[in-house]
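Pasting target.pdb here (PDB, C-alpha atoms):
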ATOM      1  CA  MET S  95     -18.726  -6.930  -5.497  1.00  0.00           C
ATOM      2  CA  HIS S  96     -16.693 -10.086  -5.533  1.00  0.00           C
ATOM      3  CA  ILE S  97     -13.131 -10.618  -4.337  1.00  0.00           C
ATOM      4  CA  LYS S  98     -11.552 -13.997  -4.912  1.00  0.00           C
ATOM      5  CA  ARG S  99      -8.143 -15.237  -3.879  1.00  0.00           C
ATOM      6  CA  ILE S 100      -6.248 -16.526  -6.885  1.00  0.00           C
ATOM      7  CA  ASP S 101      -2.783 -17.987  -7.405  1.00  0.00           C
ATOM      8  CA  PRO S 102      -0.831 -15.725  -9.787  1.00  0.00           C
ATOM      9  CA  ALA S 103      -0.020 -18.851 -11.820  1.00  0.00           C
ATOM     10  CA  ASN S 104      -3.725 -19.031 -12.638  1.00  0.00           C
ATOM     11  CA  MET S 105      -4.074 -15.373 -13.603  1.00  0.00           C
ATOM     12  CA  LYS S 106      -4.735 -15.017 -17.293  1.00  0.00           C
ATOM     13  CA  GLY S 107      -3.524 -12.787 -20.092  1.00  0.00           C
ATOM     14  CA  LEU S 108      -0.844 -10.119 -20.071  1.00  0.00           C
ATOM     15  CA  ALA S 109      -2.022  -8.916 -16.678  1.00  0.00           C
ATOM     16  CA  GLY S 110      -1.409 -12.388 -15.253  1.00  0.00           C
ATOM     17  CA  GLU S 111       2.083 -12.482 -16.722  1.00  0.00           C
ATOM     18  CA  ARG S 112       2.948  -9.101 -15.213  1.00  0.00           C
ATOM     19  CA  ILE S 113       1.677 -10.068 -11.767  1.00  0.00           C
ATOM     20  CA  GLN S 114       3.709 -13.290 -11.938  1.00  0.00           C
ATOM     21  CA  GLU S 115       6.770 -11.238 -12.893  1.00  0.00           C
ATOM     22  CA  LEU S 116       6.438  -8.959  -9.869  1.00  0.00           C
ATOM     23  CA  GLU S 117       5.685 -11.852  -7.551  1.00  0.00           C
ATOM     24  CA  ALA S 118       8.842 -13.643  -8.713  1.00  0.00           C
ATOM     25  CA  PHE S 119      10.869 -10.487  -8.015  1.00  0.00           C
ATOM     26  CA  LEU S 120       9.404 -10.124  -4.521  1.00  0.00           C
ATOM     27  CA  LYS S 121      10.173 -13.761  -3.740  1.00  0.00           C
ATOM     28  CA  HIS S 122      13.688 -13.462  -5.136  1.00  0.00           C
ATOM     29  CA  THR S 123      14.561 -10.300  -3.182  1.00  0.00           C
ATOM     30  CA  SER S 124      12.600 -11.213  -0.042  1.00  0.00           C
ATOM     31  CA  GLY S 125      10.597  -8.045  -0.553  1.00  0.00           C
ATOM     32  CA  HIS S 126      13.476  -5.562  -0.818  1.00  0.00           C
ATOM     33  CA  LEU S 127      13.504  -2.777  -3.388  1.00  0.00           C
ATOM     34  CA  GLN S 128      16.261  -3.159  -5.965  1.00  0.00           C
ATOM     35  CA  PRO S 129      17.073  -1.046  -9.019  1.00  0.00           C
ATOM     36  CA  ASP S 130      15.817  -3.736 -11.389  1.00  0.00           C
ATOM     37  CA  MET S 131      12.371  -3.975  -9.856  1.00  0.00           C
ATOM     38  CA  PRO S 132       9.988  -4.795 -12.705  1.00  0.00           C
ATOM     39  CA  LEU S 133       6.845  -2.765 -13.360  1.00  0.00           C
ATOM     40  CA  PHE S 134       7.980   0.129 -11.186  1.00  0.00           C
ATOM     41  CA  GLU S 135       5.962   2.548 -13.347  1.00  0.00           C
ATOM     42  CA  ARG S 136       2.799   0.527 -12.845  1.00  0.00           C
ATOM     43  CA  VAL S 137       2.829   0.053  -9.079  1.00  0.00           C
ATOM     44  CA  VAL S 138       1.586   2.116  -6.169  1.00  0.00           C
ATOM     45  CA  PHE S 139       3.216   2.265  -2.729  1.00  0.00           C
ATOM     46  CA  THR S 140       0.975   2.729   0.283  1.00  0.00           C
ATOM     47  CA  SER S 141       1.563   3.032   3.989  1.00  0.00           C
ATOM     48  CA  SER S 142       1.800  -0.274   5.848  1.00  0.00           C
ATOM     49  CA  ARG S 143      -0.457   1.267   8.450  1.00  0.00           C
ATOM     50  CA  ALA S 144      -3.644  -0.273   7.127  1.00  0.00           C
ATOM     51  CA  ASP S 145      -6.740  -0.546   9.309  1.00  0.00           C
ATOM     52  CA  GLY S 146      -8.870  -2.549   6.897  1.00  0.00           C
ATOM     53  CA  ASP S 147     -11.603   0.097   6.842  1.00  0.00           C
ATOM     54  CA  HIS S 148     -10.010   2.483   4.377  1.00  0.00           C
ATOM     55  CA  ILE S 149      -7.316   2.414   1.730  1.00  0.00           C
ATOM     56  CA  PRO S 150      -4.094   3.346   3.540  1.00  0.00           C
ATOM     57  CA  LYS S 151      -2.286   6.566   2.778  1.00  0.00           C
ATOM     58  CA  ILE S 152      -0.806   6.407  -0.694  1.00  0.00           C
ATOM     59  CA  GLY S 153       2.824   7.328  -1.312  1.00  0.00           C
ATOM     60  CA  TYR S 154       4.276   6.675  -4.728  1.00  0.00           C
ATOM     61  CA  VAL S 155       1.905   6.450  -7.707  1.00  0.00           C
ATOM     62  CA  GLY S 156       3.475   4.954 -10.839  1.00  0.00           C
ATOM     63  CA  LYS S 157       2.829   7.136 -13.842  1.00  0.00           C
ATOM     64  CA  SER S 158       1.411   4.198 -15.791  1.00  0.00           C
ATOM     65  CA  SER S 159      -0.498   2.704 -12.878  1.00  0.00           C
ATOM     66  CA  TYR S 160      -4.039   1.507 -13.389  1.00  0.00           C
ATOM     67  CA  ILE S 161      -5.431   3.567 -10.524  1.00  0.00           C
ATOM     68  CA  LYS S 162      -3.948   6.709 -12.036  1.00  0.00           C
ATOM     69  CA  ASP S 163      -5.725   5.833 -15.280  1.00  0.00           C
ATOM     70  CA  VAL S 164      -9.018   5.250 -13.472  1.00  0.00           C
ATOM     71  CA  MET S 165      -8.661   8.514 -11.578  1.00  0.00           C
ATOM     72  CA  SER S 166      -7.907  10.337 -14.828  1.00  0.00           C
ATOM     73  CA  GLY S 167      -4.755  11.747 -13.305  1.00  0.00           C
ATOM     74  CA  GLN S 168      -6.758  13.592 -10.650  1.00  0.00           C
ATOM     75  CA  PHE S 169      -4.569  13.412  -7.614  1.00  0.00           C
ATOM     76  CA  GLY S 170      -2.812  15.672  -5.172  1.00  0.00           C
ATOM     77  CA  PRO S 171      -0.840  15.287  -1.971  1.00  0.00           C
ATOM     78  CA  ASP S 172      -3.427  12.892  -0.528  1.00  0.00           C
ATOM     79  CA  PHE S 173      -4.250  10.442  -3.288  1.00  0.00           C
ATOM     80  CA  ALA S 174      -6.056   8.014  -0.957  1.00  0.00           C
ATOM     81  CA  ALA S 175      -8.435  10.765   0.195  1.00  0.00           C
ATOM     82  CA  ALA S 176      -9.221  11.550  -3.450  1.00  0.00           C
ATOM     83  CA  ILE S 177     -10.221   7.914  -3.997  1.00  0.00           C
ATOM     84  CA  ARG S 178     -12.253   7.766  -0.772  1.00  0.00           C
ATOM     85  CA  ASN S 179     -14.148  10.896  -1.730  1.00  0.00           C
ATOM     86  CA  GLN S 180     -14.702   9.706  -5.254  1.00  0.00           C
ATOM     87  CA  ASP S 181     -16.075   6.282  -4.389  1.00  0.00           C
ATOM     88  CA  PRO S 182     -16.488   5.368  -0.688  1.00  0.00           C
ATOM     89  CA  LYS S 183     -17.865   1.920  -1.544  1.00  0.00           C
ATOM     90  CA  PHE S 184     -14.782   1.084  -3.572  1.00  0.00           C
ATOM     91  CA  ASP S 185     -12.572   2.310  -0.721  1.00  0.00           C
ATOM     92  CA  ALA S 186     -14.310   0.110   1.836  1.00  0.00           C
ATOM     93  CA  ALA S 187     -14.429  -2.934  -0.427  1.00  0.00           C
ATOM     94  CA  VAL S 188     -10.747  -3.068  -1.284  1.00  0.00           C
ATOM     95  CA  ALA S 189      -9.329  -1.906   2.075  1.00  0.00           C
ATOM     96  CA  GLY S 190      -9.188  -5.376   3.648  1.00  0.00           C
ATOM     97  CA  GLY S 191      -6.497  -6.595   1.279  1.00  0.00           C
ATOM     98  CA  PHE S 192      -4.113  -3.869   2.422  1.00  0.00           C
ATOM     99  CA  ALA S 193      -4.604  -4.810   6.068  1.00  0.00           C
ATOM    100  CA  ARG S 194      -3.838  -8.480   5.334  1.00  0.00           C
ATOM    101  CA  ALA S 195      -0.748  -7.562   3.326  1.00  0.00           C
ATOM    102  CA  ALA S 196       0.449  -5.319   6.161  1.00  0.00           C
ATOM    103  CA  GLN S 197       0.360  -8.381   8.404  1.00  0.00           C
ATOM    104  CA  GLY S 198       2.699 -10.211   6.058  1.00  0.00           C
ATOM    105  CA  VAL S 199       0.274 -12.129   3.866  1.00  0.00           C
ATOM    106  CA  ARG S 200       0.940 -11.700   0.140  1.00  0.00           C
ATOM    107  CA  VAL S 201      -2.428 -10.803  -1.372  1.00  0.00           C
ATOM    108  CA  CYS S 202      -3.214 -12.058  -4.880  1.00  0.00           C
ATOM    109  CA  GLU S 203      -6.830 -11.565  -5.887  1.00  0.00           C
ATOM    110  CA  LEU S 204      -9.371 -11.142  -8.630  1.00  0.00           C
ATOM    111  CA  VAL S 205     -11.636  -8.187  -7.841  1.00  0.00           C
ATOM    112  CA  GLU S 206     -14.925  -7.733  -9.670  1.00  0.00           C
ATOM    113  CA  MET S 207     -17.047  -4.735  -8.778  1.00  0.00           C
ATOM    114  CA  GLU S 208     -18.544  -1.459  -9.926  1.00  0.00           C
ATOM    115  CA  VAL S 209     -16.739   1.840  -9.500  1.00  0.00           C
ATOM    116  CA  THR S 210     -17.559   5.459 -10.216  1.00  0.00           C
ATOM    117  CA  PRO S 211     -14.624   7.131 -11.930  1.00  0.00           C
ATOM    118  CA  PRO S 212     -14.198  10.923 -11.916  1.00  0.00           C
ATOM    119  CA  GLY S 213     -16.642  12.576 -14.266  1.00  0.00           C
ATOM    120  CA  ALA S 214     -18.911   9.523 -14.500  1.00  0.00           C
ATOM    121  CA  THR S 215     -22.530   9.785 -13.396  1.00  0.00           C
ATOM    122  CA  THR S 216     -23.059   6.041 -13.198  1.00  0.00           C
ATOM    123  CA  SER S 217     -20.864   3.222 -11.995  1.00  0.00           C
ATOM    124  CA  ILE S 218     -19.089   0.916 -14.416  1.00  0.00           C
ATOM    125  CA  PRO S 219     -18.156  -2.749 -13.990  1.00  0.00           C
ATOM    126  CA  VAL S 220     -14.475  -3.467 -13.503  1.00  0.00           C
ATOM    127  CA  SER S 221     -12.550  -6.702 -13.201  1.00  0.00           C
ATOM    128  CA  TYR S 222      -8.940  -6.653 -12.177  1.00  0.00           C
ATOM    129  CA  TYR S 223      -6.146  -8.632 -10.641  1.00  0.00           C
ATOM    130  CA  ARG S 224      -4.202  -7.216  -7.746  1.00  0.00           C
ATOM    131  CA  LEU S 225      -1.065  -8.115  -5.872  1.00  0.00           C
ATOM    132  CA  ILE S 226      -0.283  -6.415  -2.555  1.00  0.00           C
ATOM    133  CA  ASP S 227       2.805  -7.233  -0.543  1.00  0.00           C
ATOM    134  CA  ARG S 228       5.251  -5.648   1.841  1.00  0.00           C
ATOM    135  CA  LEU S 229       8.285  -3.944   0.329  1.00  0.00           C
ATOM    136  CA  TRP S 230      11.317  -2.723   2.237  1.00  0.00           C
ATOM    137  CA  LEU S 231      12.999   0.407   0.915  1.00  0.00           C
ATOM    138  CA  GLY S 232      15.694   0.411   3.598  1.00  0.00           C
ATOM    139  CA  ALA S 233      13.685   2.052   6.367  1.00  0.00           C
ATOM    140  CA  PRO S 234      12.769  -0.035   9.440  1.00  0.00           C
ATOM    141  CA  SER S 235       9.125  -0.231   8.380  1.00  0.00           C
ATOM    142  CA  PRO S 236       8.023  -1.548   5.013  1.00  0.00           C
ATOM    143  CA  VAL S 237       5.631   0.077   2.597  1.00  0.00           C
ATOM    144  CA  LEU S 238       2.994  -1.903   0.747  1.00  0.00           C
ATOM    145  CA  VAL S 239       3.465  -2.368  -2.973  1.00  0.00           C
ATOM    146  CA  ASN S 240       0.280  -2.754  -4.981  1.00  0.00           C
ATOM    147  CA  LEU S 241       0.117  -3.845  -8.610  1.00  0.00           C
ATOM    148  CA  THR S 242      -3.382  -3.673 -10.052  1.00  0.00           C
ATOM    149  CA  LEU S 243      -4.080  -4.588 -13.663  1.00  0.00           C
ATOM    150  CA  PRO S 244      -7.330  -5.120 -15.586  1.00  0.00           C
ATOM    151  CA  SER S 245      -8.143  -8.797 -16.066  1.00  0.00           C
ATOM    152  CA  PRO S 246      -8.927 -10.185 -19.538  1.00  0.00           C
ATOM    153  CA  ALA S 247     -12.613  -9.880 -18.581  1.00  0.00           C
ATOM    154  CA  GLN S 248     -12.328  -6.129 -18.237  1.00  0.00           C
ATOM    155  CA  PHE S 249     -14.185  -4.554 -21.141  1.00  0.00           C
ATOM    156  CA  HIS S 250     -11.541  -1.979 -21.955  1.00  0.00           C
ATOM    157  CA  GLU S 251      -8.527  -4.167 -21.376  1.00  0.00           C
ATOM    158  CA  TYR S 252      -7.731  -4.320 -25.059  1.00  0.00           C
ATOM    159  CA  GLN S 253      -7.704  -0.544 -25.376  1.00  0.00           C
ATOM    160  CA  PHE S 254      -5.679  -0.195 -22.185  1.00  0.00           C
ATOM    161  CA  TRP S 255      -2.907  -2.433 -23.451  1.00  0.00           C
ATOM    162  CA  GLN S 256      -2.991  -0.892 -26.913  1.00  0.00           C
ATOM    163  CA  ASP S 257      -2.427   2.525 -25.371  1.00  0.00           C
ATOM    164  CA  LYS S 258       0.412   1.281 -23.236  1.00  0.00           C
ATOM    165  CA  VAL S 259       2.052  -1.210 -25.576  1.00  0.00           C
ATOM    166  CA  HIS S 260       4.994   1.128 -26.217  1.00  0.00           C
ATOM    167  CA  LEU S 261       5.855   0.931 -22.521  1.00  0.00           C
ATOM    168  CA  TRP S 262       6.705  -2.731 -22.833  1.00  0.00           C
ATOM    169  CA  GLN S 263       9.091  -2.252 -25.694  1.00  0.00           C
ATOM    170  CA  ASN S 264      11.921  -0.903 -23.580  1.00  0.00           C
TER
ATOM    171  CA  MET M 223      20.124  19.361 -11.311  1.00  0.00           C
ATOM    172  CA  GLY M 224      20.731  15.617 -11.269  1.00  0.00           C
ATOM    173  CA  SER M 225      19.129  13.143  -8.936  1.00  0.00           C
ATOM    174  CA  GLN M 226      22.019  13.422  -6.506  1.00  0.00           C
ATOM    175  CA  THR M 227      21.498  17.167  -6.197  1.00  0.00           C
ATOM    176  CA  PHE M 228      17.801  16.626  -5.940  1.00  0.00           C
ATOM    177  CA  VAL M 229      18.356  14.439  -2.894  1.00  0.00           C
ATOM    178  CA  MET M 230      20.678  17.051  -1.391  1.00  0.00           C
ATOM    179  CA  GLU M 231      18.119  19.793  -1.935  1.00  0.00           C
ATOM    180  CA  ASP M 232      15.627  17.857   0.094  1.00  0.00           C
ATOM    181  CA  ALA M 233      18.134  16.940   2.768  1.00  0.00           C
ATOM    182  CA  LYS M 234      16.170  18.780   5.436  1.00  0.00           C
ATOM    183  CA  ALA M 235      13.055  16.762   4.717  1.00  0.00           C
ATOM    184  CA  TYR M 236      15.030  13.528   4.804  1.00  0.00           C
ATOM    185  CA  ALA M 237      17.257  14.323   7.777  1.00  0.00           C
ATOM    186  CA  GLU M 238      14.875  13.018  10.396  1.00  0.00           C
ATOM    187  CA  LEU M 239      14.345   9.746   8.548  1.00  0.00           C
ATOM    188  CA  PRO M 240      16.463   6.655   9.302  1.00  0.00           C
ATOM    189  CA  GLU M 241      19.994   6.923   7.833  1.00  0.00           C
ATOM    190  CA  GLY M 242      19.236  10.529   6.961  1.00  0.00           C
ATOM    191  CA  GLY M 243      17.023   9.302   4.168  1.00  0.00           C
ATOM    192  CA  ASN M 244      19.940   7.804   2.233  1.00  0.00           C
ATOM    193  CA  PHE M 245      17.853   4.765   1.379  1.00  0.00           C
ATOM    194  CA  LEU M 246      15.560   7.022  -0.625  1.00  0.00           C
ATOM    195  CA  LYS M 247      18.241   7.295  -3.291  1.00  0.00           C
ATOM    196  CA  GLY M 248      17.283   3.846  -4.580  1.00  0.00           C
ATOM    197  CA  PHE M 249      13.681   4.893  -4.842  1.00  0.00           C
ATOM    198  CA  LEU M 250      14.588   8.130  -6.555  1.00  0.00           C
ATOM    199  CA  HIS M 251      16.814   6.417  -9.099  1.00  0.00           C
ATOM    200  CA  SER M 252      14.018   3.965  -9.963  1.00  0.00           C
ATOM    201  CA  LEU M 253      11.606   6.872 -10.227  1.00  0.00           C
ATOM    202  CA  LEU M 254      13.845   8.894 -12.540  1.00  0.00           C
ATOM    203  CA  ASP M 255      14.636   5.842 -14.675  1.00  0.00           C
ATOM    204  CA  GLY M 256      11.000   5.959 -15.745  1.00  0.00           C
ATOM    205  CA  TYR M 257      11.594   9.227 -17.563  1.00  0.00           C
ATOM    206  CA  ARG M 258      13.489   7.636 -20.425  1.00  0.00           C
ATOM    207  CA  GLY M 259      16.952   9.078 -20.682  1.00  0.00           C
ATOM    208  CA  LYS M 260      16.309  12.236 -18.694  1.00  0.00           C
ATOM    209  CA  THR M 261      19.017  12.599 -16.107  1.00  0.00           C
ATOM    210  CA  ASP M 262      19.337  16.319 -15.501  1.00  0.00           C
ATOM    211  CA  TRP M 263      16.763  18.338 -13.601  1.00  0.00           C
ATOM    212  CA  ARG M 264      16.567  20.788 -16.530  1.00  0.00           C
ATOM    213  CA  ASP M 265      15.461  17.961 -18.844  1.00  0.00           C
ATOM    214  CA  PHE M 266      12.156  17.632 -17.029  1.00  0.00           C
ATOM    215  CA  ASP M 267       9.144  19.770 -17.864  1.00  0.00           C
ATOM    216  CA  PRO M 268       7.256  21.477 -15.007  1.00  0.00           C
ATOM    217  CA  ALA M 269       4.532  18.807 -14.877  1.00  0.00           C
ATOM    218  CA  GLU M 270       7.138  16.053 -14.579  1.00  0.00           C
ATOM    219  CA  ARG M 271       8.975  17.962 -11.854  1.00  0.00           C
ATOM    220  CA  ASP M 272       5.718  18.387  -9.939  1.00  0.00           C
ATOM    221  CA  GLU M 273       5.006  14.675 -10.314  1.00  0.00           C
ATOM    222  CA  ILE M 274       8.464  13.711  -9.019  1.00  0.00           C
ATOM    223  CA  VAL M 275       8.302  16.077  -6.057  1.00  0.00           C
ATOM    224  CA  LEU M 276       4.774  14.952  -5.199  1.00  0.00           C
ATOM    225  CA  ASN M 277       5.768  11.287  -5.309  1.00  0.00           C
ATOM    226  CA  CYS M 278       8.755  11.922  -3.021  1.00  0.00           C
ATOM    227  CA  HIS M 279       6.640  14.010  -0.678  1.00  0.00           C
ATOM    228  CA  ARG M 280       3.941  11.342  -0.418  1.00  0.00           C
ATOM    229  CA  LEU M 281       6.513   8.579   0.024  1.00  0.00           C
ATOM    230  CA  ILE M 282       8.098  10.405   2.971  1.00  0.00           C
ATOM    231  CA  GLU M 283       4.642  10.909   4.420  1.00  0.00           C
ATOM    232  CA  ILE M 284       3.819   7.184   4.379  1.00  0.00           C
ATOM    233  CA  LEU M 285       7.198   6.287   5.879  1.00  0.00           C
ATOM    234  CA  ARG M 286       6.581   8.767   8.683  1.00  0.00           C
ATOM    235  CA  ASP M 287       3.112   7.317   9.029  1.00  0.00           C
ATOM    236  CA  ALA M 288       4.535   3.808   9.485  1.00  0.00           C
ATOM    237  CA  GLU M 289       7.198   4.970  11.939  1.00  0.00           C
ATOM    238  CA  GLY M 290       4.484   6.535  14.060  1.00  0.00           C
ATOM    239  CA  GLU M 291       2.937   3.186  14.885  1.00  0.00           C
TER
END
If you convert what's in this file into structure tokens, what do you get?
Amino acid sequence: MHIKRIDPANMKGLAGERIQELEAFLKHTSGHLQPDMPLFERVVFTSSRADGDHIPKIGYVGKSSYIKDVMSGQFGPDFAAAIRNQDPKFDAAVAGGFARAAQGVRVCELVEMEVTPPGATTSIPVSYYRLIDRLWLGAPSPVLVNLTLPSPAQFHEYQFWQDKVHLWQN
Amino acid sequence: MGSQTFVMEDAKAYAELPEGGNFLKGFLHSLLDGYRGKTDWRDFDPAERDEIVLNCHRLIEILRDAEGE
């Protein structure tokens, strides 16, 4: 498992462009939700109560989000618990980023590791970029917005984008 | 049932949130925008309705979670 801080400007491919787009929006709006928020269907909102040991409670899950793809749509009222149960190592490895973001640090990283998706008997290598930042919806406390996208090194990135290409045409 | 009615239907759940949950309207509008052109509750199939309700439910849960700090 390897997690590396990376400036969005140095993120490659379509994934890099999308992360840059969301980062620009967050800078422009000072982290406030607006109707024109880009990539809304691809992001996940989590609780800002992040202890660094586990993925925080997950709220909104974009219907075209990467984690929903990885989880094969298997989710219920407690999405974070589903991920923890599925792959505790993954949960522990990525939890730190949420805690840093909750403290006000915009997290932009390349994550390379192995995960065990639902139905798989062995782990598979994944490589993805992630952005986590605070987002204010209007309530006193922010949520965390997380955009995760497969990096160009991810073996199935091509297929992923082919499947989703129609989503970019609107 | 449009998004406005949807918010009203869940008024009880939102009532204890800041501003009576009015700020959730922005979230809900962004959420419904993702369903390409569907604006009326009857336009959505049962799976989509479940997905929308679940997303709202989980969002309220994390906001309550944060307020409890």
On this structure, which residues satisfy the PyMOL selection byres ((chain M and resi 287) around 12), written as a PyMOL selection string? (chain S and resi 140-144+150-153+235-237) or (chain M and resi 239+280-286+288-291)
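Put simply, CA of Tyr154 in chain S is 5.5 Å away from CA of Val138 in chain S.
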At a cut-off of 12 Å, list the chain M residues touching chain S, using only C-alpha atoms, as a compact mmCIF listing (two decimals) with C-alpha atoms, in the coordinates of the input.
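And here's part_3.txt as it stands now:
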# COMPACT_ATOMS: atom_id res chain seq x y z
CA TYR M 236 15.03 13.53 4.80
CA GLU M 238 14.88 13.02 10.40
CA LEU M 239 14.34 9.75 8.55
CA PRO M 240 16.46 6.66 9.30
CA GLU M 241 19.99 6.92 7.83
CA GLY M 242 19.24 10.53 6.96
CA GLY M 243 17.02 9.30 4.17
CA ASN M 244 19.94 7.80 2.23
CA PHE M 245 17.85 4.76 1.38
CA LEU M 246 15.56 7.02 -0.62
CA LYS M 247 18.24 7.30 -3.29
CA GLY M 248 17.28 3.85 -4.58
CA PHE M 249 13.68 4.89 -4.84
CA LEU M 250 14.59 8.13 -6.56
CA HIS M 251 16.81 6.42 -9.10
CA SER M 252 14.02 3.96 -9.96
CA LEU M 253 11.61 6.87 -10.23
CA LEU M 254 13.84 8.89 -12.54
CA ASP M 255 14.64 5.84 -14.68
CA GLY M 256 11.00 5.96 -15.74
CA TYR M 257 11.59 9.23 -17.56
CA ARG M 258 13.49 7.64 -20.42
CA GLY M 259 16.95 9.08 -20.68
CA ALA M 269 4.53 18.81 -14.88
CA GLU M 270 7.14 16.05 -14.58
CA ASP M 272 5.72 18.39 -9.94
CA GLU M 273 5.01 14.68 -10.31
CA ILE M 274 8.46 13.71 -9.02
CA VAL M 275 8.30 16.08 -6.06
CA LEU M 276 4.77 14.95 -5.20
CA ASN M 277 5.77 11.29 -5.31
CA CYS M 278 8.76 11.92 -3.02
CA HIS M 279 6.64 14.01 -0.68
CA ARG M 280 3.94 11.34 -0.42
CA LEU M 281 6.51 8.58 0.02
CA ILE M 282 8.10 10.40 2.97
CA GLU M 283 4.64 10.91 4.42
CA ILE M 284 3.82 7.18 4.38
CA LEU M 285 7.20 6.29 5.88
CA ARG M 286 6.58 8.77 8.68
CA ASP M 287 3.11 7.32 9.03
CA ALA M 288 4.54 3.81 9.48
CA GLU M 289 7.20 4.97 11.94
CA GLY M 290 4.48 6.54 14.06
CA GLU M 291 2.94 3.19 14.88
Interatomic distance between CA of Glu208 in chain S and CA of Met95 in chain S? 7.0 Å
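Using all atoms listed in the file for every distance, the candidate list S:Pro132, S:Val209, S:Ala174, S:Ser217 yields S:Pro132 as the residue closest to Phe119 in chain S.
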Expressed in Å to a single decimal, how great is the separation between CA of Phe192 in chain S and CA of Ala175 in chain S?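 Pair CA of Phe192 in chain S / CA of Ala175 in chain S returns 15.4 Å.
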Using only C-alpha atoms, pick whichever of S:Gly125, S:Leu204, S:Gly190, S:Leu229 has the shortest atom-to-atom distance to Lys106 in chain S. S:Leu204
Using only C-alpha atoms, can you list as a list in words the residues within 8 Å of (-13.6, 7.0, -6.2)?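 The answer, in the requested form, is Met165, Ala176, Ile177, Arg178, Asn179, Gln180, Asp181, Pro182, Phe184, Asp185, Val209, Thr210, Pro211 and Pro212 of chain S.
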Looking at all atoms listed in the file, which of S:Ile226, S:Cys202, S:Ala118, S:Val164 is the one that sits closest to Asn104 in chain S? S:Cys202
Put the listed atoms of range 127-138 of chain S in a box along x, y and z with 8 Å added on every side and give me the centre and edge lengths in Å to one decimal, as JSON.
{"center_x": 9.3, "center_y": -1.1, "center_z": -8.4, "size_x": 31.5, "size_y": 23.3, "size_z": 26.0}
Run through the PyMOL selection byres ((chain S and resi 242) around 12) on the given coordinates and return the selected residues as a count of residues only. 40
